[in-house]
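Just query-v4.csv here, CSV, C-alpha atoms:
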```
chain,number,residue,atom,x,y,z
S,443,MET,CA,195.3,70.9,117.6
S,444,ALA,CA,194.1,67.3,117.7
S,445,TYR,CA,190.7,67.0,116.0
S,446,THR,CA,188.7,64.0,117.0
S,447,SER,CA,185.1,62.8,116.6
S,448,VAL,CA,182.7,64.5,118.9
S,449,THR,CA,181.4,62.9,122.0
S,450,HIS,CA,178.0,64.5,122.7
S,451,THR,CA,176.3,64.3,126.1
S,452,THR,CA,173.4,66.0,127.7
S,453,THR,CA,172.8,66.7,131.4
S,454,ASP,CA,170.2,68.5,133.4
S,455,ARG,CA,171.7,71.1,135.7
S,456,ARG,CA,169.7,72.2,138.7
S,457,LEU,CA,169.6,75.9,139.1
S,458,GLY,CA,167.3,76.5,142.1
S,459,ARG,CA,164.0,75.7,143.7
S,460,LEU,CA,160.5,77.3,143.5
S,461,PRO,CA,158.3,77.9,146.6
S,462,SER,CA,156.4,74.7,145.9
S,463,GLY,CA,159.7,72.7,146.2
S,464,ARG,CA,159.9,72.0,142.5
S,465,ASP,CA,163.4,72.2,141.1
S,466,VAL,CA,164.2,74.4,138.1
S,467,SER,CA,166.8,72.9,135.8
S,468,VAL,CA,168.3,73.5,132.4
S,469,THR,CA,169.6,71.1,129.7
S,470,VAL,CA,173.3,71.4,129.0
S,471,HIS,CA,174.9,69.9,125.9
S,472,ARG,CA,178.6,69.1,125.7
S,473,TYR,CA,180.4,68.4,122.5
S,474,VAL,CA,183.9,67.1,123.3
S,475,GLY,CA,186.7,66.4,120.9
S,476,GLY,CA,190.5,66.4,121.2
S,477,PRO,CA,192.4,68.8,123.5
S,478,GLY,CA,191.6,72.4,122.8
S,479,PRO,CA,189.7,75.5,123.9
S,480,THR,CA,186.3,75.6,125.6
S,481,VAL,CA,183.5,77.7,124.1
S,482,TYR,CA,180.3,78.4,126.0
S,483,ILE,CA,177.2,79.3,124.1
S,484,GLN,CA,173.8,80.2,125.6
S,485,ALA,CA,170.4,81.5,124.4
S,486,ALA,CA,167.0,82.6,125.6
S,487,GLN,CA,167.9,84.7,128.6
S,488,HIS,CA,164.7,86.4,127.6
S,489,GLY,CA,161.7,84.1,127.0
S,490,ILE,CA,160.4,85.6,123.8
S,491,GLU,CA,163.8,85.5,122.0
S,492,LEU,CA,163.4,82.4,120.0
S,493,ASN,CA,165.9,82.5,117.2
S,494,GLY,CA,168.8,81.6,119.5
S,495,PRO,CA,167.3,78.2,120.6
S,496,ALA,CA,166.4,77.5,117.0
S,497,ALA,CA,169.9,78.3,115.8
S,498,LEU,CA,171.4,76.0,118.5
S,499,ARG,CA,169.2,73.1,117.4
S,500,ARG,CA,170.6,73.4,113.9
S,501,LEU,CA,174.1,73.9,115.3
S,502,HIS,CA,173.7,70.5,116.9
S,503,ASP,CA,173.3,68.9,113.5
S,504,HIS,CA,176.6,70.3,112.5
S,505,LEU,CA,178.5,69.4,115.6
S,506,ALA,CA,177.1,65.9,116.4
S,507,ASP,CA,179.1,64.2,113.6
S,508,ALA,CA,182.0,66.7,113.4
S,509,ALA,CA,185.7,66.4,114.4
S,510,ILE,CA,186.7,69.1,116.8
S,511,ALA,CA,189.4,70.2,119.1
S,512,GLY,CA,188.2,71.3,122.5
S,513,THR,CA,184.8,71.5,124.1
S,514,VAL,CA,181.6,73.3,123.1
S,515,ILE,CA,179.1,73.8,125.9
S,516,VAL,CA,175.6,74.8,124.8
S,517,VAL,CA,172.6,75.8,127.0
S,518,PRO,CA,169.7,76.4,124.5
S,519,VAL,CA,167.2,77.8,127.0
S,520,VAL,CA,168.8,79.6,129.9
S,521,ASN,CA,165.6,81.1,131.4
S,522,GLN,CA,163.0,78.4,131.3
S,523,LEU,CA,160.6,80.3,133.5
S,524,ALA,CA,160.3,83.2,131.1
S,525,PHE,CA,160.3,80.9,128.1
S,526,ASP,CA,157.4,78.8,129.5
S,527,HIS,CA,155.4,82.0,130.3
S,528,ARG,CA,156.2,83.4,126.8
S,529,SER,CA,157.4,86.6,128.5
S,530,TYR,CA,160.5,88.8,128.0
S,531,MET,CA,161.5,88.7,131.6
S,532,THR,CA,160.9,86.2,134.4
S,533,PRO,CA,157.4,86.9,135.9
S,534,GLY,CA,157.9,89.0,139.1
S,535,GLU,CA,156.1,86.4,141.2
S,536,TYR,CA,159.3,84.2,140.9
S,537,ASP,CA,161.8,87.0,141.7
S,538,VAL,CA,160.4,90.3,142.8
S,539,MET,CA,163.9,91.7,143.2
S,540,ASN,CA,165.5,90.7,139.8
S,541,PRO,CA,163.0,89.9,137.1
S,542,ASN,CA,165.6,90.4,134.4
S,543,LEU,CA,168.1,87.6,134.4
S,544,ASN,CA,170.5,89.6,132.3
S,545,ARG,CA,171.1,92.1,135.1
S,546,VAL,CA,172.4,89.7,137.8
S,547,TRP,CA,175.6,88.1,136.4
S,548,PRO,CA,177.8,86.5,137.6
S,549,GLY,CA,175.1,85.7,140.2
S,550,ASP,CA,175.0,85.1,143.9
S,551,SER,CA,174.6,81.6,145.4
S,552,SER,CA,172.8,83.0,148.4
S,553,GLY,CA,170.9,85.8,146.6
S,554,SER,CA,167.5,86.0,145.0
S,555,LEU,CA,166.2,83.2,142.8
S,556,GLN,CA,167.7,84.5,139.5
S,557,GLU,CA,170.9,85.4,141.2
S,558,GLN,CA,171.1,81.7,142.3
S,559,PHE,CA,170.4,80.7,138.7
S,560,ALA,CA,173.2,82.8,137.3
S,561,ALA,CA,175.6,81.6,139.9
S,562,ARG,CA,175.0,78.0,139.0
S,563,LEU,CA,175.3,78.7,135.3
S,564,TRP,CA,178.5,80.8,135.9
S,565,GLU,CA,180.2,77.6,137.1
S,566,LEU,CA,180.0,76.5,133.4
S,567,VAL,CA,181.2,79.8,132.1
S,568,LYS,CA,184.1,80.8,134.3
S,569,ASP,CA,186.7,78.6,132.8
S,570,ALA,CA,185.7,79.1,129.2
S,571,ASP,CA,188.1,80.5,126.6
S,572,ALA,CA,185.2,82.3,124.7
S,573,ALA,CA,181.5,82.9,125.2
S,574,VAL,CA,178.5,83.7,123.1
S,575,ASP,CA,175.2,85.0,124.3
S,576,LEU,CA,172.4,84.8,121.7
S,577,HIS,CA,169.6,87.4,121.9
S,578,THR,CA,166.9,88.6,119.6
S,579,GLY,CA,166.0,92.2,119.0
S,580,THR,CA,162.7,93.6,117.7
S,581,ALA,CA,161.9,93.8,114.0
S,582,ASP,CA,163.0,97.5,114.2
S,583,MET,CA,166.6,96.8,115.4
S,584,LEU,CA,169.7,96.4,113.3
S,585,GLU,CA,171.0,92.8,113.4
S,586,HIS,CA,174.4,93.2,115.1
S,587,VAL,CA,177.0,91.8,117.5
S,588,ARG,CA,178.2,93.6,120.7
S,589,CYS,CA,181.5,93.4,122.4
S,590,ARG,CA,183.9,95.3,124.6
S,591,ALA,CA,185.9,98.1,123.0
S,592,GLY,CA,189.6,97.4,123.0
S,593,ASP,CA,189.3,93.6,123.6
S,594,SER,CA,191.0,92.3,120.5
S,595,ALA,CA,190.0,88.7,121.1
S,596,ALA,CA,186.3,89.7,121.5
S,597,GLU,CA,186.6,91.9,118.4
S,598,ARG,CA,187.9,88.9,116.4
S,599,LEU,CA,184.9,86.8,117.6
S,600,ALA,CA,182.6,89.6,116.5
S,601,GLU,CA,184.3,89.9,113.1
S,602,ALA,CA,184.1,86.1,112.6
S,603,PHE,CA,180.4,86.1,113.5
S,604,GLY,CA,179.9,88.4,110.6
S,605,THR,CA,176.9,90.7,111.1
S,606,SER,CA,177.0,93.9,109.1
S,607,TYR,CA,177.1,96.0,112.3
S,608,ARG,CA,179.2,95.8,115.4
S,609,LEU,CA,178.4,97.8,118.6
S,610,THR,CA,181.2,98.3,121.1
S,611,ASP,CA,180.8,98.9,124.8
S,612,GLY,CA,183.0,101.2,126.7
S,613,HIS,CA,185.5,100.0,129.2
S,614,GLY,CA,183.0,100.4,132.0
S,615,ASP,CA,181.3,97.2,130.8
S,616,THR,CA,177.8,98.5,131.3
S,617,ASP,CA,174.7,97.5,129.3
S,618,ASP,CA,172.9,99.8,126.9
S,619,ASN,CA,170.9,101.2,129.8
S,620,GLY,CA,174.0,102.1,131.8
S,621,SER,CA,173.7,99.5,134.4
S,622,GLY,CA,176.0,96.5,135.1
S,623,GLY,CA,175.1,92.8,135.6
S,624,THR,CA,174.8,91.7,132.0
S,625,PHE,CA,176.3,88.4,130.9
S,626,ARG,CA,178.6,90.3,128.6
S,627,ALA,CA,179.8,92.6,131.3
S,628,ALA,CA,180.5,89.8,133.7
S,629,ALA,CA,182.4,87.7,131.2
S,630,SER,CA,184.5,90.7,130.1
S,631,ALA,CA,185.3,91.5,133.7
S,632,ALA,CA,186.5,87.9,134.2
S,633,GLY,CA,188.8,88.2,131.1
S,634,ILE,CA,186.7,85.9,128.9
S,635,PRO,CA,186.3,87.1,125.3
S,636,VAL,CA,182.6,87.4,124.8
S,637,ILE,CA,180.0,88.6,122.2
S,638,THR,CA,176.3,89.2,122.4
S,639,ALA,CA,174.6,88.5,119.1
S,640,GLU,CA,171.3,90.4,118.5
S,641,LEU,CA,169.5,88.4,115.8
S,642,SER,CA,166.3,89.9,114.4
S,643,ASN,CA,162.6,89.4,115.3
S,644,SER,CA,161.5,88.4,118.8
S,645,ARG,CA,158.4,86.2,119.4
S,646,ARG,CA,158.8,84.1,116.3
S,647,VAL,CA,161.4,82.0,114.5
S,648,ALA,CA,162.8,84.0,111.6
S,649,GLN,CA,164.6,81.5,109.3
S,650,ASP,CA,167.0,84.1,107.9
S,651,ALA,CA,168.1,85.2,111.4
S,652,VAL,CA,168.5,81.5,112.4
S,653,ALA,CA,170.7,80.8,109.4
S,654,ALA,CA,172.8,83.9,110.2
S,655,GLY,CA,173.2,82.7,113.8
S,656,VAL,CA,174.3,79.2,112.7
S,657,ASP,CA,176.8,80.5,110.2
S,658,GLY,CA,178.1,83.0,112.7
S,659,ILE,CA,178.7,80.5,115.4
S,660,LEU,CA,180.4,78.0,113.0
S,661,ASN,CA,182.7,80.7,111.7
S,662,LEU,CA,183.5,81.8,115.3
S,663,LEU,CA,184.4,78.1,116.1
S,664,ARG,CA,186.7,78.1,113.1
S,665,GLU,CA,188.3,81.3,114.4
S,666,ARG,CA,188.9,79.7,117.8
S,667,ALA,CA,190.3,76.6,116.0
S,668,VAL,CA,187.6,74.4,117.4
S,669,LEU,CA,186.7,73.4,113.9
S,670,PRO,CA,189.6,72.4,111.6
S,671,THR,CA,189.0,74.7,108.6
S,672,GLU,CA,190.0,78.3,108.3
S,673,PRO,CA,187.4,81.0,109.1
S,674,GLU,CA,185.4,82.2,106.1
S,675,PRO,CA,186.2,85.8,105.1
S,676,GLN,CA,183.4,88.2,106.2
S,677,ALA,CA,182.5,91.6,104.8
S,678,ALA,CA,183.8,94.5,106.7
S,679,GLN,CA,181.6,95.5,109.7
S,680,THR,CA,180.3,99.0,110.3
S,681,VAL,CA,181.6,99.6,113.9
S,682,LEU,CA,179.5,101.8,116.1
S,683,ARG,CA,180.2,103.0,119.6
S,684,ASN,CA,177.3,102.2,122.0
S,685,ASP,CA,177.8,105.2,124.3
S,686,ALA,CA,175.2,107.7,123.1
S,687,GLU,CA,172.5,108.7,125.4
S,688,ALA,CA,169.3,106.6,124.9
S,689,VAL,CA,166.2,108.3,123.7
S,690,THR,CA,163.5,107.8,126.4
S,691,ALA,CA,159.9,108.8,127.0
S,692,SER,CA,159.5,111.7,129.4
S,693,GLY,CA,155.8,110.8,129.9
S,694,SER,CA,153.3,108.1,129.2
S,695,GLY,CA,151.1,107.8,126.2
S,696,LEU,CA,150.8,106.5,122.6
S,697,PHE,CA,154.1,106.8,120.7
S,698,GLU,CA,153.9,107.3,116.9
S,699,SER,CA,157.3,107.3,115.1
S,700,ARG,CA,158.0,109.2,112.0
S,701,PRO,CA,156.9,107.1,109.0
S,702,ASP,CA,159.9,108.1,106.9
S,703,ILE,CA,162.5,107.0,109.4
S,704,ALA,CA,164.1,103.5,109.8
S,705,VAL,CA,166.8,101.7,111.6
S,706,GLY,CA,170.2,102.2,109.9
S,707,ASP,CA,169.4,105.8,109.1
S,708,THR,CA,171.8,108.5,110.3
S,709,VAL,CA,170.0,111.1,112.4
S,710,ASP,CA,171.1,114.5,113.6
S,711,ALA,CA,171.0,115.8,117.2
S,712,GLU,CA,167.6,117.2,118.1
S,713,GLU,CA,166.1,115.6,114.9
S,714,ARG,CA,162.4,114.6,115.5
S,715,LEU,CA,161.9,110.9,115.6
S,716,GLY,CA,158.2,110.9,116.6
S,717,THR,CA,155.6,112.1,119.0
S,718,ILE,CA,153.9,110.8,122.2
S,719,TYR,CA,150.2,111.7,122.5
S,720,GLU,CA,147.6,111.2,125.2
S,721,PRO,CA,145.2,109.0,123.4
S,722,SER,CA,142.0,110.1,125.1
S,723,SER,CA,142.5,113.9,125.0
S,724,PHE,CA,144.7,113.9,121.9
S,725,GLU,CA,147.1,116.2,123.7
S,726,GLN,CA,150.7,116.1,122.6
S,727,GLN,CA,152.8,114.9,125.5
S,728,GLN,CA,156.4,114.9,124.0
S,729,VAL,CA,158.1,115.6,120.7
S,730,VAL,CA,160.7,112.7,120.7
S,731,SER,CA,164.1,113.9,119.4
S,732,ALA,CA,167.5,112.3,118.8
S,733,THR,CA,169.9,112.9,121.7
S,734,GLU,CA,172.9,113.3,119.3
S,735,ARG,CA,174.1,112.6,115.8
S,736,GLY,CA,174.5,108.9,115.0
S,737,VAL,CA,173.1,105.8,113.5
S,738,LEU,CA,169.6,104.7,114.6
S,739,PHE,CA,170.0,101.0,115.6
S,740,SER,CA,166.7,100.5,117.4
S,741,LEU,CA,163.3,102.2,117.2
S,742,ALA,CA,160.0,101.6,118.9
S,743,ARG,CA,157.0,101.6,116.6
S,744,GLU,CA,153.5,102.7,117.3
S,745,SER,CA,153.2,101.5,120.8
S,746,VAL,CA,151.9,102.4,124.3
S,747,VAL,CA,154.9,103.7,126.3
S,748,VAL,CA,155.5,104.7,129.9
S,749,LYS,CA,157.7,107.3,131.4
S,750,GLY,CA,161.4,106.3,131.2
S,751,GLU,CA,160.8,103.7,128.5
S,752,ARG,CA,163.5,103.4,125.8
S,753,LEU,CA,162.2,104.6,122.4
S,754,ALA,CA,165.3,104.6,120.3
S,755,GLY,CA,169.0,103.6,120.4
S,756,ILE,CA,171.6,105.7,118.7
S,757,ALA,CA,175.2,104.6,118.1
S,758,ILE,CA,178.1,106.7,116.9
S,759,PRO,CA,180.3,105.5,114.1
S,760,ARG,CA,183.8,104.7,115.3
```
Could you write out this structure as structure tokens?
Amino acid sequence: MAYTSVTHTTTDRRLGRLPSGRDVSVTVHRYVGGPGPTVYIQAAQHGIELNGPAALRRLHDHLADAAIAGTVIVVPVVNQLAFDHRSYMTPGEYDVMNPNLNRVWPGDSSGSLQEQFAARLWELVKDADAAVDLHTGTADMLEHVRCRAGDSAAERLAEAFGTSYRLTDGHGDTDDNGSGGTFRAAASAAGIPVITAELSNSRRVAQDAVAAGVDGILNLLRERAVLPTEPEPQAAQTVLRNDAEAVTASGSGLFESRPDIAVGDTVDAEERLGTIYEPSSFEQQQVVSATERGVLFSLARESVVVKGERLAGIAIPR
């Protein structure tokens, strides 16, 4: 590898046009050094997931004066419409067919608005040698990385990123709700080693999560030999299979979780996780139970829920 000082450039990439005729664009950063691999990194597919953009701002401080081999492409805010509206998904007024950008990859240049967005971004991704998609879970979700089971290159990226937990997808490359179209599924299908990092705490910048994101990306770049030093050794990850049936609400109401249960706990099949009540009549609507034995990696807390909504995620130790 030839490590040379970084040349940093920024460009605005047009993704599509709103009904008013206004263009929607994203800012793309390129950090180019000597000959070497290309790593694509993005954040904020969902507008309330703020730790990814904050981590990429700090990553810039590390890369701007570095010597690297290859190219690092960074898109700090992929979904500007959701970000500006401070919403998880793009408001339906912009795309009534596909409000969740992370269900339409690799996109369609003649499709709905967000399919067009994904298609234009995919032009940056398709020739990458590795990809990272930064997300942010709720406060009641284990900080973890996700990758495809059996993809040794992706598993090395996950190990280098260094979270305590790693969730592996099955070979069907579906997301955790069983449907395709995620960035991770599309990249895997294209033969690109890819990880999704779930940093903690949506809606606010959590400094410890941001630091974990920066450290994880830097170590991943060392693993890909983009940075000249050897990867730092990481503690062994607890590997979980992400193929258990999700726990969902069978009716609407107010969900109250058990106060003595927390993410990271091992639960048994049929173990009670909480209860859904009808708040006006006080009638019990559903005793919410674990679908099978495994590790609780996400849990809704004291919230209004609707039928079909995910309440808990369970993963099985591999």
Residue contacts of range 572-589 of chain S (6 Å, only C-alpha atoms) excluding same-chain residues fewer than 5 positions away, as number ranges by chain: S: 481-485, 491, 494, 605, 607-610, 634-644, 739-741
May I ask for the distance between CA of Leu753 in chain S and CA of Arg735 in chain S, given in Å to one decimal place?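 Interatomic distance here is 15.8 Å.
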Which residue of S:Ala629, S:Val468, S:Val705, S:Leu492 approaches Ala570 in chain S most closely, using only C-alpha atoms: S:Ala629
Using all atoms listed in the file, which of the listed residues (S:Ala602, S:Ala691, S:Val647, S:Leu715) sits closest to Gln727 in chain S?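 Among the listed residues, the smallest separation from Gln727 in chain S belongs to S:Ala691.
The space separating CA of Val681 in chain S from CA of Gly736 in chain S comes to 11.8 Å.
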CA of Ala704 in chain S to CA of Glu601 in chain S: how many Å, to one decimal? 24.6 Å
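With distances taken over all atoms listed in the file, S:Ala486 is the one residue among S:Val470, S:Ala667, S:Leu505, S:Ala486 lying closest to Leu523 in chain S.
Here the question is which of S:Gly489, S:Gly592, S:Gly623, S:Arg743 gets nearest to Asn540 in chain S using only C-alpha atoms, and that residue is S:Gly623.
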So which residues touch Leu457 in chain S within 7 Å, counting all atoms listed in the file, skipping near sequence neighbours fewer than 2 positions away, as a list in words?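 Residues near the query, excluding close chain neighbours: Arg455, Val466, Ser467, Gln558, Phe559 and Arg562 of chain S.
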